[in-house]
Amino acid sequence: MKPIFGLIIINLLFLQNVSNAQKIVLNWKLHPQQENTYSIKQLSKPGFNTKSWINAIVPGTVFYSYVKAGKESNPDYADNIYKVNKAKYNRPFWYRTEFSAKGFAPGKRIWLNFNGIHKRGEIYLNGSHIGTVKGIVERGLYDVTTLLNKKSANVILVLVVPPRNDAEHNHPMANWESPTYISSGSWDWMPAVPGLNSGITDTVSITAKGPIAVSDPWIHTSMPDKNTANLTVNVHLNNTSSSTVSGQVKFNINPGNITVNGPILTLNANSSQTANYDWTQFSQLKIKNPKLWWPNGYGGKADGTQNLYTCRVTFNVGGVTPSDVVTKAFGIRKITADTTSLNGPLRVYVNDVPILLKGGNWGMSDYMLKARGKDYDTRIRFHKEMNFNIIRNWTGEVTDEAFYNYCDKYGIMVWDDFWLNNFGQIDSLEIFKRNAIEKVKKLRDHPSIVIWCGANEGVPGGNPKGPLNEVIKNAIKDNDGEDRLYLARSNAGETNPNFSIHGGSRVLSGSGLWSNADPKTYFTDPHNGYLFSKDSYGLRSELGTATFVNEESFKKFMPADYWVAPTTEAVNSKTNMWARHYFSTDGALGGGSDPVKYINTINNSYGKATSLADFCKKAQMLNVETMKAMFESWNDHMWNDASGMLIWMSQSAYPSMIWQTYDYYYDLTGAYFGAKTACEPVHIQWNPATNAIKIINNKPYNLMALTADASVYNIDGQIVPEYSFKKQMNVNATSATEAFKVFENSVGLPKLSSVHFLKLKLFNSQHKLLSENFYWIGNTYLDYTALNKMPSVSSSLTVSQPIVSTAKNKINKLLKYVILNSSKTTAAFGIRVQLLNNAGEQLLPALYNNNYFSLMQGEAETLEVEIDPNLLKHGYKLQVKAYNN
């Protein structure tokens with residue numbers, strides 16, 4: 001996958017010395033344990049012949065390593081992954097590498113650090129077993145100083161054992177094997193992955209330190225008000241030497257250049273302790289007028305208010321000589337919630353401002369866990385540009401810290417689940433406990449995390465007072481305090497029975513539906529899949545729709561025999577290629593998205609599709625309309641019961657035709673732009689059920705002297721001025737305010753064409769455009785077939801030469817085009833733009849400020865495209881195609 005910013009980070013491991021950094025490339029090799037007859041002693045001999053072994057991807061999985069080595073056919077394509085011999089990978093594998101210790105500074109203690117192995121790792125150095133790592137995020141941190149070979153190479157061996165490989169505990173993945181990547185055994189949106197995503201799945205590093213190691217600095221902030229932040233810094237110190245060591249913790253916080261020099265501490269040989277530095281002891285830790293971290297779209301009147309601090313912690317032996325240095329980023333913000341202001345539904349506040357939660361569920365970054373480093377920049381940036389403010393890490397499937405780093409950067413709050421689905425039991429409470437503690441310790445400094453959640457659609461272990469839920473709650477309480485929110489269950493209150501309307505809790509409003517509905521239904525009927533909280537918009541953790549991809553992406557993963565418009569008969573299968581890519585009526589294969597309904601909606605509303613290209617074109621317009629209506633319906637009911645909604649899903653982990661906004665190849669579907677429009681922080685919208693025009697203001701300040709403007713056009717792109725409406729008004733902070741109604745008192749007004757258009761604009765007091773919105777409306781509800789009779793507009797769409805500049809991130813290129821509809825006879829409807837190379841291939845990923853837009857007669861649109869300049873080296877051109885091309 002290509003990142004949108006910079007280059008992909010390759011899998012380098014490095015030695016970090018306090019005084020200098022020496023990069024070491026560790027070339028990992030991989031081989032099945034069963035096919036290896038050598039002893040651990042033989043495998044640990046320097047120079048051991050690994051010619052028959054394959055190159056391992058670290059961090060990564062066993063299966064993906066074989067894919068990269070060309071040992072398996074492209075698993076993304078057709079039904080290739082279903083043909084893989086899973087027994088080949090569902091077994092233990094050896095990882096092996098060598099490194100030299102000659103570069104270490106004299107007197108340093110050398111640490112070998114594993115940040116995560118799935119599911120069990122037996123770790124050896126030079127033939128000695130040094131530790132076992134179990135679970136999904138448990139770390140293995142080992143002082144290996146006395147085990148190093150100074151003259152010959154050092155050999156690291158890791159035996160990786162996958163889930164379900166213990167004959168005595170061969171349980172199903174969910175939940176018995178938790179903590180694990182539970183969807184690796186298949187879910188209704190991705191196939192089972194051979195090896196169940198076992199491997200060295202997180203980073204490995206070798207670090208050189210003095211006698212005292214610093215770990216897990218925790219910068220805890222409390223805010224009595226928005227003008228004051230009280231900090232407490234917690235530092236864990238570990239003395240692995242054979243001598244007593246005295247020294248001093250020193251840390252520096254920026255911005256602000258806040259320095260604290262702690263008292264002299266003494267650590268006995270082979271001991272550890274935790275040091276706390278509180279604002280009541282050190283007055284400089286009481287920060288006045290702190291720079292706050294805000295969710296995307298909030299903060300002050302200027303955007304870009306995801307302020308981050310850094311804390312550099314050093315332990316100085318004797319108060320002078322640095323032993324270890326660790327730097328952590330953190331943010332200052334206040335998280336609160338209540339269920340009283342809306343009489344039941346949970347409402348979340350950040351820095352005392354109520355936040356309408358708008359975002360998506362993130363099931364997995366990639367079904368083979370191959371998304372790493374800057375790959376997350378692309379994905380999280382997409383969420384920012386959709387104007388989302390939250391992502392739910394569904395069942396904790398994302399374990400990479402890069403995910404959280406970019407959420408911090410882009411202001412995307414994280415609803416972070418633990419590794420549980422529904423009410424199921426687990427095999428080992430102790431392993432789960434260790435992993436839960438590790439997860440919290442590793443991630444607690446990230447300001448983006450606002451919610452910890454015990455389980456998906458169920459209470460951990462089925463009992464809110466049971467041992468499993470208590471383990472999670474205690475891991476949070478003991479290691480993160482209680483200034484974030486904890487929800488035991490993702491879709492209802494703790495006491496709601498499963499699959500039942502009974503229970504009474506309205507904290508959360510259930511999950512589902514997962515299939516498309518018409519716009520009026522979203523605005524008038526908030527029912528969910530399980531009916532936990534009847535007739536409540538509230539806080540909905542899942543609401544989804546099928547989301548068909550564009551033709552270019554479709555052809556990348558579907559065989560040519562399937563390059564046709566899908567039919568309701570074709571998707572009624574468990575075994576064909578539609579089913580293999582989750583466009584199926586079978587519940588285990590995406591049936592919850594109801595592809596039959598999706599197909600029928602397209603054929604009924606837009607006319608029966610005549611080809612794959614025609615179906616994809618029409619599907620994108622349905623995607624825009626459906627996704628926009630989903631979010632706008634929650635906007636419409638803002639604080640009138642509605643407090644937030646997360647779509648199912650916003651991220652694509654496997655090539656499919658359901659539950660996504662951008663697809664597996666980074667192509668932005670109509671759903672992406674429907675969400676982008678609806679989730680604007682300041683937004684104007686239409687209610688199709690009441691014809692009300694509302695102004696949605698998510699900002700924490702009032703907006704004065706706004707002008708709301710509504711214009712109606714016939715299908716030929718000519719305005720019908722008798723339907724125009726304009727009003728000046730003020731709107732309160734964080735509110736939804738009705739401006740006026742359209743299509744009222746139409747007696748005596750000109751008759752509108754069978755399909756006509758409503759264009760809304762919102763201007764500030766200086767007449768700067770704040771929001772623009774566009775709807776297509778049938779005189780017969782949902783009948784848009786007249787669009788197919790529009791005159792061709794292709795010869796009337798002109799595109800200017802691009803103005804090229806450098807994007808705000810100072811890396812990407814920003815291309816600006818002006819697209820004009822010069823037609824005197826028709827509107828240009830549903831214009832799709834895409835950047836292509838000279839061979840006519842898509843240039844992806846790319847960020848577009850608009851797409852699937854429409855231009856009336858004589859109208860122009862300024863299009864902005866942001867893209868990595870490396871993608872432009874072989875030429876580029878902008879393709880512009882309207883629905884009525």
# chains A, B, ... in the order shown; residues from 1 in each chain; ligands from 1
call {"tool": "residues_around", "arguments": {"residues": "Phe382 of chain A", "least_positions_apart": "3", "cutoff": "10 Å", "atoms": "only C-alpha atoms", "output": "PyMOL selection string"}}
result
chain A and resi 4+376-379+385-388+410+650-651+661-662+666+668+672+676+845-848
call {"tool": "write_last_selection", "arguments": {"atoms": "N, CA, C and O atoms", "output": "compact mmCIF listing (two decimals), in the first residue's frame"}}
result
# COMPACT_ATOMS: atom_id res chain seq x y z
N ILE A 4 0.24 8.26 1.58
CA ILE A 4 0.04 9.53 0.89
C ILE A 4 1.11 10.53 1.27
O ILE A 4 1.31 11.52 0.59
N TYR A 376 -0.68 4.28 7.90
CA TYR A 376 -1.75 4.82 8.74
C TYR A 376 -1.98 6.31 8.48
O TYR A 376 -3.08 6.81 8.69
N ASP A 377 -0.94 7.00 8.05
CA ASP A 377 -1.11 8.42 7.73
C ASP A 377 -2.19 8.57 6.66
O ASP A 377 -3.11 9.40 6.78
N THR A 378 -2.10 7.78 5.61
CA THR A 378 -3.09 7.84 4.54
C THR A 378 -4.49 7.58 5.08
O THR A 378 -5.43 8.35 4.82
N ARG A 379 -4.64 6.50 5.79
CA ARG A 379 -5.97 6.09 6.25
C ARG A 379 -6.58 7.08 7.24
O ARG A 379 -7.76 7.42 7.15
N GLU A 385 -10.28 14.11 6.56
CA GLU A 385 -10.86 14.84 5.43
C GLU A 385 -12.34 14.53 5.25
O GLU A 385 -13.07 15.30 4.62
N MET A 386 -12.81 13.41 5.78
CA MET A 386 -14.26 13.16 5.80
C MET A 386 -14.95 13.93 6.91
O MET A 386 -16.15 13.78 7.12
N ASN A 387 -14.16 14.72 7.64
CA ASN A 387 -14.67 15.50 8.77
C ASN A 387 -15.14 14.61 9.92
O ASN A 387 -15.96 15.03 10.75
N PHE A 388 -14.61 13.40 9.99
CA PHE A 388 -14.89 12.53 11.12
C PHE A 388 -14.12 13.03 12.34
O PHE A 388 -13.08 13.69 12.23
N TYR A 410 -4.22 14.05 13.80
CA TYR A 410 -5.33 14.55 13.00
C TYR A 410 -6.61 14.79 13.81
O TYR A 410 -7.64 15.12 13.23
N SER A 650 -15.75 2.27 8.22
CA SER A 650 -15.14 3.36 7.45
C SER A 650 -13.85 2.94 6.76
O SER A 650 -13.34 3.67 5.91
N GLN A 651 -13.33 1.79 7.09
CA GLN A 651 -12.00 1.35 6.62
C GLN A 651 -12.12 0.01 5.92
O GLN A 651 -12.87 -0.86 6.35
N THR A 661 -15.75 3.32 3.07
CA THR A 661 -15.88 4.67 2.48
C THR A 661 -14.87 4.82 1.35
O THR A 661 -15.22 5.23 0.25
N TYR A 662 -13.61 4.50 1.61
CA TYR A 662 -12.62 4.33 0.56
C TYR A 662 -12.37 2.84 0.44
O TYR A 662 -12.56 2.08 1.40
N TYR A 666 -7.54 2.38 -2.00
CA TYR A 666 -7.54 3.82 -1.71
C TYR A 666 -8.38 4.64 -2.67
O TYR A 666 -8.28 5.87 -2.68
N LEU A 668 -11.59 6.56 -3.60
CA LEU A 668 -12.60 7.18 -2.75
C LEU A 668 -13.97 6.99 -3.39
O LEU A 668 -14.24 7.52 -4.46
N TYR A 672 -17.56 8.12 0.67
CA TYR A 672 -16.56 9.02 1.26
C TYR A 672 -17.02 10.47 1.14
O TYR A 672 -16.98 11.23 2.11
N LYS A 676 -18.15 13.17 3.89
CA LYS A 676 -17.37 14.42 3.94
C LYS A 676 -18.27 15.64 3.97
O LYS A 676 -18.03 16.60 4.72
N PRO A 845 -2.70 6.74 -3.58
CA PRO A 845 -3.83 7.50 -3.07
C PRO A 845 -3.73 8.99 -3.45
O PRO A 845 -2.64 9.50 -3.68
N ALA A 846 -4.87 9.62 -3.48
CA ALA A 846 -4.95 11.05 -3.72
C ALA A 846 -6.13 11.60 -2.94
O ALA A 846 -7.14 10.92 -2.76
N LEU A 847 -5.99 12.83 -2.48
CA LEU A 847 -7.05 13.50 -1.74
C LEU A 847 -7.75 14.51 -2.66
O LEU A 847 -7.08 15.37 -3.25
N TYR A 848 -9.06 14.39 -2.76
CA TYR A 848 -9.87 15.31 -3.57
C TYR A 848 -10.77 16.11 -2.64
O TYR A 848 -11.40 15.55 -1.75
call {"tool": "select_by_dssp", "arguments": {"residues": "segment 522-687 of chain A", "states": "helix (DSSP H, G or I)", "output": "count of residues only"}}
result
69
call {"tool": "closest_atom_pairs", "arguments": {"of": "segment 174-278 of chain A", "to": "segment 426-434 of chain A", "cutoff": "9 Å", "atoms": "only C-alpha atoms", "output": "CSV"}}
result
residue,atom,partner,partner_atom,distance
A:Ala174,CA,A:Ile426,CA,8.2
A:Asn175,CA,A:Ile426,CA,5.5
A:Trp176,CA,A:Ile426,CA,4.0
A:Glu177,CA,A:Asp427,CA,6.3
A:Ser178,CA,A:Ile426,CA,6.2
A:Pro179,CA,A:Phe432,CA,5.8
call {"tool": "closest_residue", "arguments": {"among": "A:Ser272, A:Glu680, A:Asp417, A:Pro191", "to": "Leu589 of chain A", "atoms": "only C-alpha atoms"}}
result
A:Pro191
call {"tool": "residues_around", "arguments": {"residues": "segment 70-77 of chain A", "least_positions_apart": "2", "cutoff": "9 Å", "atoms": "only C-alpha atoms", "output": "PyMOL selection string"}}
result
chain A and resi 63+65-68+79-82+84+556-559+654-655
call {"tool": "write_last_selection", "arguments": {"atoms": "all heavy atoms", "output": "CSV table (one decimal), in the first residue's frame"}}
result
chain,number,residue,atom,x,y,z
A,63,PHE,N,2.1,-15.7,7.2
A,63,PHE,CA,1.5,-15.9,5.9
A,63,PHE,C,1.9,-14.7,5.0
A,63,PHE,O,2.2,-15.0,3.8
A,63,PHE,CB,0.0,-15.9,6.1
A,63,PHE,CG,-0.8,-16.0,4.8
A,63,PHE,CD1,-0.6,-17.1,4.0
A,63,PHE,CD2,-1.6,-15.0,4.3
A,63,PHE,CE1,-1.3,-17.2,2.7
A,63,PHE,CE2,-2.3,-15.1,3.1
A,63,PHE,CZ,-2.1,-16.2,2.3
A,65,SER,N,4.6,-13.1,5.0
A,65,SER,CA,5.9,-13.3,4.5
A,65,SER,C,6.0,-14.2,3.3
A,65,SER,O,6.8,-14.0,2.4
A,65,SER,CB,6.8,-13.8,5.7
A,65,SER,OG,6.9,-12.9,6.8
A,66,TYR,N,5.2,-15.3,3.4
A,66,TYR,CA,5.2,-16.2,2.2
A,66,TYR,C,4.5,-15.6,1.0
A,66,TYR,O,5.0,-15.8,-0.1
A,66,TYR,CB,4.4,-17.5,2.6
A,66,TYR,CG,5.3,-18.5,3.3
A,66,TYR,CD1,5.6,-18.3,4.7
A,66,TYR,CD2,5.8,-19.6,2.6
A,66,TYR,CE1,6.4,-19.3,5.3
A,66,TYR,CE2,6.6,-20.5,3.3
A,66,TYR,CZ,6.9,-20.3,4.6
A,66,TYR,OH,7.7,-21.3,5.2
A,67,VAL,N,3.6,-14.7,1.2
A,67,VAL,CA,3.0,-14.0,0.1
A,67,VAL,C,4.0,-13.1,-0.6
A,67,VAL,O,4.2,-13.1,-1.8
A,67,VAL,CB,1.8,-13.2,0.5
A,67,VAL,CG1,1.3,-12.3,-0.6
A,67,VAL,CG2,0.6,-14.1,1.0
A,68,LYS,N,4.8,-12.3,0.2
A,68,LYS,CA,5.8,-11.4,-0.3
A,68,LYS,C,6.9,-12.2,-1.0
A,68,LYS,O,7.5,-11.7,-1.9
A,68,LYS,CB,6.4,-10.6,0.9
A,68,LYS,CG,5.4,-9.5,1.3
A,68,LYS,CD,5.3,-8.4,0.3
A,68,LYS,CE,6.5,-7.5,0.1
A,68,LYS,NZ,6.3,-6.4,-0.8
A,79,ASP,N,-10.7,-16.1,-5.7
A,79,ASP,CA,-10.8,-16.9,-4.5
A,79,ASP,C,-9.5,-17.5,-4.1
A,79,ASP,O,-9.4,-18.6,-3.4
A,79,ASP,CB,-11.9,-18.0,-4.7
A,79,ASP,CG,-11.5,-18.9,-5.8
A,79,ASP,OD1,-10.6,-18.6,-6.6
A,79,ASP,OD2,-12.2,-19.9,-6.0
A,80,ASN,N,-8.4,-16.8,-4.4
A,80,ASN,CA,-7.1,-17.4,-4.1
A,80,ASN,C,-6.9,-17.7,-2.6
A,80,ASN,O,-6.3,-18.8,-2.3
A,80,ASN,CB,-6.0,-16.4,-4.6
A,80,ASN,CG,-5.8,-16.4,-6.1
A,80,ASN,OD1,-6.3,-17.3,-6.8
A,80,ASN,ND2,-5.1,-15.4,-6.6
A,81,ILE,N,-7.3,-16.8,-1.8
A,81,ILE,CA,-7.0,-17.1,-0.3
A,81,ILE,C,-7.8,-18.3,0.2
A,81,ILE,O,-7.4,-19.0,1.1
A,81,ILE,CB,-7.3,-15.8,0.5
A,81,ILE,CG1,-6.7,-16.0,1.9
A,81,ILE,CG2,-8.8,-15.5,0.6
A,81,ILE,CD1,-6.6,-14.8,2.7
A,82,TYR,N,-8.9,-18.6,-0.5
A,82,TYR,CA,-9.7,-19.7,0.0
A,82,TYR,C,-9.1,-21.1,-0.5
A,82,TYR,O,-9.4,-22.1,0.0
A,82,TYR,CB,-11.1,-19.6,-0.6
A,82,TYR,CG,-11.9,-18.4,-0.1
A,82,TYR,CD1,-11.8,-17.2,-0.8
A,82,TYR,CD2,-12.7,-18.5,1.0
A,82,TYR,CE1,-12.5,-16.1,-0.3
A,82,TYR,CE2,-13.4,-17.4,1.5
A,82,TYR,CZ,-13.3,-16.2,0.8
A,82,TYR,OH,-13.9,-15.1,1.2
A,84,VAL,N,-5.8,-21.6,-0.3
A,84,VAL,CA,-4.5,-21.8,0.4
A,84,VAL,C,-4.7,-23.0,1.4
A,84,VAL,O,-5.7,-23.1,2.1
A,84,VAL,CB,-4.1,-20.6,1.2
A,84,VAL,CG1,-2.9,-20.8,2.0
A,84,VAL,CG2,-3.8,-19.4,0.2
A,556,LYS,N,-9.6,-5.2,-10.3
A,556,LYS,CA,-8.4,-5.6,-9.7
A,556,LYS,C,-8.5,-6.9,-8.8
A,556,LYS,O,-7.5,-7.6,-8.6
A,556,LYS,CB,-7.8,-4.5,-8.8
A,556,LYS,CG,-7.4,-3.3,-9.5
A,556,LYS,CD,-6.9,-2.2,-8.6
A,556,LYS,CE,-6.5,-0.9,-9.4
A,556,LYS,NZ,-6.2,0.2,-8.5
A,557,PHE,N,-9.7,-7.2,-8.4
A,557,PHE,CA,-9.9,-8.4,-7.5
A,557,PHE,C,-10.9,-9.4,-8.0
A,557,PHE,O,-11.0,-10.5,-7.5
A,557,PHE,CB,-10.2,-8.0,-6.1
A,557,PHE,CG,-11.5,-7.3,-5.8
A,557,PHE,CD1,-12.6,-8.0,-5.6
A,557,PHE,CD2,-11.5,-5.9,-5.8
A,557,PHE,CE1,-13.8,-7.4,-5.4
A,557,PHE,CE2,-12.7,-5.2,-5.6
A,557,PHE,CZ,-13.9,-6.0,-5.4
A,558,MET,N,-11.7,-9.1,-9.0
A,558,MET,CA,-12.7,-10.0,-9.5
A,558,MET,C,-12.3,-10.5,-10.9
A,558,MET,O,-11.9,-9.7,-11.8
A,558,MET,CB,-14.0,-9.3,-9.6
A,558,MET,CG,-14.7,-9.0,-8.2
A,558,MET,SD,-15.2,-10.5,-7.4
A,558,MET,CE,-16.9,-10.7,-8.1
A,559,PRO,N,-12.4,-11.8,-11.2
A,559,PRO,CA,-12.1,-12.3,-12.5
A,559,PRO,C,-13.0,-11.8,-13.6
A,559,PRO,O,-14.1,-11.3,-13.3
A,559,PRO,CB,-12.3,-13.8,-12.3
A,559,PRO,CG,-12.3,-14.1,-10.9
A,559,PRO,CD,-12.8,-12.8,-10.2
A,654,TYR,N,-10.2,-5.7,3.3
A,654,TYR,CA,-10.1,-6.7,2.3
A,654,TYR,C,-11.0,-6.3,1.1
A,654,TYR,O,-12.0,-5.6,1.3
A,654,TYR,CB,-10.7,-8.0,2.9
A,654,TYR,CG,-10.8,-9.2,1.9
A,654,TYR,CD1,-9.7,-9.9,1.5
A,654,TYR,CD2,-12.1,-9.6,1.4
A,654,TYR,CE1,-9.8,-11.0,0.6
A,654,TYR,CE2,-12.2,-10.7,0.6
A,654,TYR,CZ,-11.1,-11.3,0.2
A,654,TYR,OH,-11.2,-12.4,-0.7
A,655,PRO,N,-10.5,-6.6,-0.1
A,655,PRO,CA,-11.3,-6.1,-1.3
A,655,PRO,C,-12.7,-6.7,-1.3
A,655,PRO,O,-13.0,-7.9,-1.4
A,655,PRO,CB,-10.5,-6.7,-2.5
A,655,PRO,CG,-9.2,-7.0,-2.0
A,655,PRO,CD,-9.4,-7.4,-0.6
call {"tool": "residues_around", "arguments": {"residues": "Ala733 of chain A", "least_positions_apart": "5", "cutoff": "9 Å", "atoms": "only C-alpha atoms", "output": "short mmCIF file (atom, residue, chain, number, x, y, z; two decimals) with all heavy atoms, in the first residue's frame"}}
result
data_model
loop_
_atom_site.label_atom_id
_atom_site.label_comp_id
_atom_site.auth_asym_id
_atom_site.auth_seq_id
_atom_site.Cartn_x
_atom_site.Cartn_y
_atom_site.Cartn_z
N ASN A 697 -24.17 23.59 13.55
CA ASN A 697 -22.95 24.24 14.03
C ASN A 697 -22.33 23.38 15.12
O ASN A 697 -22.84 23.31 16.23
CB ASN A 697 -23.25 25.64 14.58
CG ASN A 697 -22.00 26.33 15.11
OD1 ASN A 697 -20.89 25.97 14.74
ND2 ASN A 697 -22.19 27.32 15.98
N ASN A 698 -21.24 22.71 14.78
CA ASN A 698 -20.53 21.91 15.78
C ASN A 698 -19.49 22.72 16.55
O ASN A 698 -18.91 22.21 17.50
CB ASN A 698 -19.81 20.74 15.09
CG ASN A 698 -20.77 19.68 14.59
OD1 ASN A 698 -21.24 18.84 15.34
ND2 ASN A 698 -21.08 19.72 13.30
N LYS A 699 -19.26 23.94 16.14
CA LYS A 699 -18.24 24.75 16.78
C LYS A 699 -18.67 25.19 18.18
O LYS A 699 -19.87 25.36 18.45
CB LYS A 699 -17.95 25.99 15.93
CG LYS A 699 -17.34 25.69 14.55
CD LYS A 699 -15.93 25.15 14.69
CE LYS A 699 -15.25 25.03 13.34
NZ LYS A 699 -13.86 24.50 13.47
N PRO A 700 -17.69 25.39 19.07
CA PRO A 700 -18.03 25.79 20.45
C PRO A 700 -18.25 27.29 20.61
O PRO A 700 -18.02 27.84 21.67
CB PRO A 700 -16.80 25.32 21.24
CG PRO A 700 -15.68 25.41 20.28
CD PRO A 700 -16.25 25.09 18.93
N TYR A 701 -18.67 27.95 19.55
CA TYR A 701 -18.96 29.38 19.62
C TYR A 701 -20.12 29.68 18.68
O TYR A 701 -20.39 28.95 17.72
CB TYR A 701 -17.73 30.22 19.25
CG TYR A 701 -17.03 29.77 17.99
CD1 TYR A 701 -17.47 30.17 16.72
CD2 TYR A 701 -15.91 28.95 18.06
CE1 TYR A 701 -16.83 29.77 15.56
CE2 TYR A 701 -15.25 28.53 16.90
CZ TYR A 701 -15.72 28.94 15.67
OH TYR A 701 -15.08 28.54 14.53
N ASN A 702 -20.83 30.79 18.97
CA ASN A 702 -21.96 31.21 18.17
C ASN A 702 -21.49 31.71 16.80
O ASN A 702 -20.38 32.22 16.65
CB ASN A 702 -22.74 32.33 18.87
CG ASN A 702 -23.31 31.89 20.20
OD1 ASN A 702 -23.48 30.69 20.45
ND2 ASN A 702 -23.60 32.85 21.07
N LEU A 703 -22.36 31.55 15.81
CA LEU A 703 -22.10 32.08 14.48
C LEU A 703 -23.16 33.14 14.19
O LEU A 703 -24.35 32.86 14.22
CB LEU A 703 -22.16 30.96 13.43
CG LEU A 703 -21.11 29.85 13.58
CD1 LEU A 703 -21.38 28.73 12.58
CD2 LEU A 703 -19.70 30.41 13.39
#
call {"tool": "closest_residue", "arguments": {"among": "A:Ser44, A:Asn254, A:Asn85, A:Asn837", "to": "Ala153 of chain A", "atoms": "only C-alpha atoms"}}
result
A:Ser44
call {"tool": "closest_residue", "arguments": {"among": "A:Ser39, A:Asn389, A:Asn115, A:Thr310", "to": "Ile355 of chain A", "atoms": "only C-alpha atoms"}}
result
A:Asn389
call {"tool": "residues_around", "arguments": {"residues": "Lys761 of chain A", "least_positions_apart": "3", "cutoff": "7 Å", "atoms": "only C-alpha atoms", "output": "PyMOL selection string"}}
result
chain A and resi 684+708-710+771-773
call {"tool": "closest_residue", "arguments": {"among": "A:Lys813, A:Ala619, A:Asn239, A:Asn230", "to": "Trp279 of chain A", "atoms": "only C-alpha atoms"}}
result
A:Asn230
call {"tool": "residues_around", "arguments": {"residues": "Asn849 of chain A", "least_positions_apart": "6", "cutoff": "8 Å", "atoms": "only C-alpha atoms", "output": "number ranges by chain"}}
result
A: 863-865
call {"tool": "write_last_selection", "arguments": {"atoms": "all heavy atoms", "output": "PDB file, in the first residue's frame"}}
result
ATOM      1  N   LEU A 863     -11.433  22.488  -8.259  1.00  0.00           N
ATOM      2  CA  LEU A 863     -11.076  21.178  -7.728  1.00  0.00           C
ATOM      3  C   LEU A 863      -9.638  21.204  -7.229  1.00  0.00           C
ATOM      4  O   LEU A 863      -8.742  21.713  -7.901  1.00  0.00           O
ATOM      5  CB  LEU A 863     -11.218  20.103  -8.808  1.00  0.00           C
ATOM      6  CG  LEU A 863     -10.840  18.680  -8.384  1.00  0.00           C
ATOM      7  CD1 LEU A 863     -11.953  18.067  -7.555  1.00  0.00           C
ATOM      8  CD2 LEU A 863     -10.528  17.818  -9.595  1.00  0.00           C
ATOM      9  N   GLU A 864      -9.436  20.639  -6.041  1.00  0.00           N
ATOM     10  CA  GLU A 864      -8.094  20.524  -5.481  1.00  0.00           C
ATOM     11  C   GLU A 864      -7.756  19.058  -5.289  1.00  0.00           C
ATOM     12  O   GLU A 864      -8.558  18.292  -4.746  1.00  0.00           O
ATOM     13  CB  GLU A 864      -8.002  21.264  -4.145  1.00  0.00           C
ATOM     14  CG  GLU A 864      -8.224  22.763  -4.263  1.00  0.00           C
ATOM     15  CD  GLU A 864      -8.056  23.474  -2.937  1.00  0.00           C
ATOM     16  OE1 GLU A 864      -7.837  22.788  -1.912  1.00  0.00           O
ATOM     17  OE2 GLU A 864      -8.151  24.710  -2.912  1.00  0.00           O
ATOM     18  N   VAL A 865      -6.571  18.679  -5.730  1.00  0.00           N
ATOM     19  CA  VAL A 865      -6.095  17.303  -5.590  1.00  0.00           C
ATOM     20  C   VAL A 865      -4.732  17.352  -4.912  1.00  0.00           C
ATOM     21  O   VAL A 865      -3.814  18.019  -5.395  1.00  0.00           O
ATOM     22  CB  VAL A 865      -5.961  16.585  -6.950  1.00  0.00           C
ATOM     23  CG1 VAL A 865      -5.617  15.111  -6.739  1.00  0.00           C
ATOM     24  CG2 VAL A 865      -7.229  16.742  -7.778  1.00  0.00           C
TER      25      VAL A 865
END
call {"tool": "residues_around", "arguments": {"residues": "Ile599 of chain A", "least_positions_apart": "5", "cutoff": "8 Å", "atoms": "only C-alpha atoms", "output": "NGL selection string"}}
result
:A and (566-568)
call {"tool": "closest_residue", "arguments": {"among": "A:Arg444, A:Lys102, A:Lys51, A:Lys288", "to": "Ile24 of chain A", "atoms": "only C-alpha atoms"}}
result
A:Lys102
call {"tool": "closest_residue", "arguments": {"among": "A:His220, A:Leu762, A:Gly830, A:Asp483", "to": "Leu706 of chain A", "atoms": "only C-alpha atoms"}}
result
A:Leu762
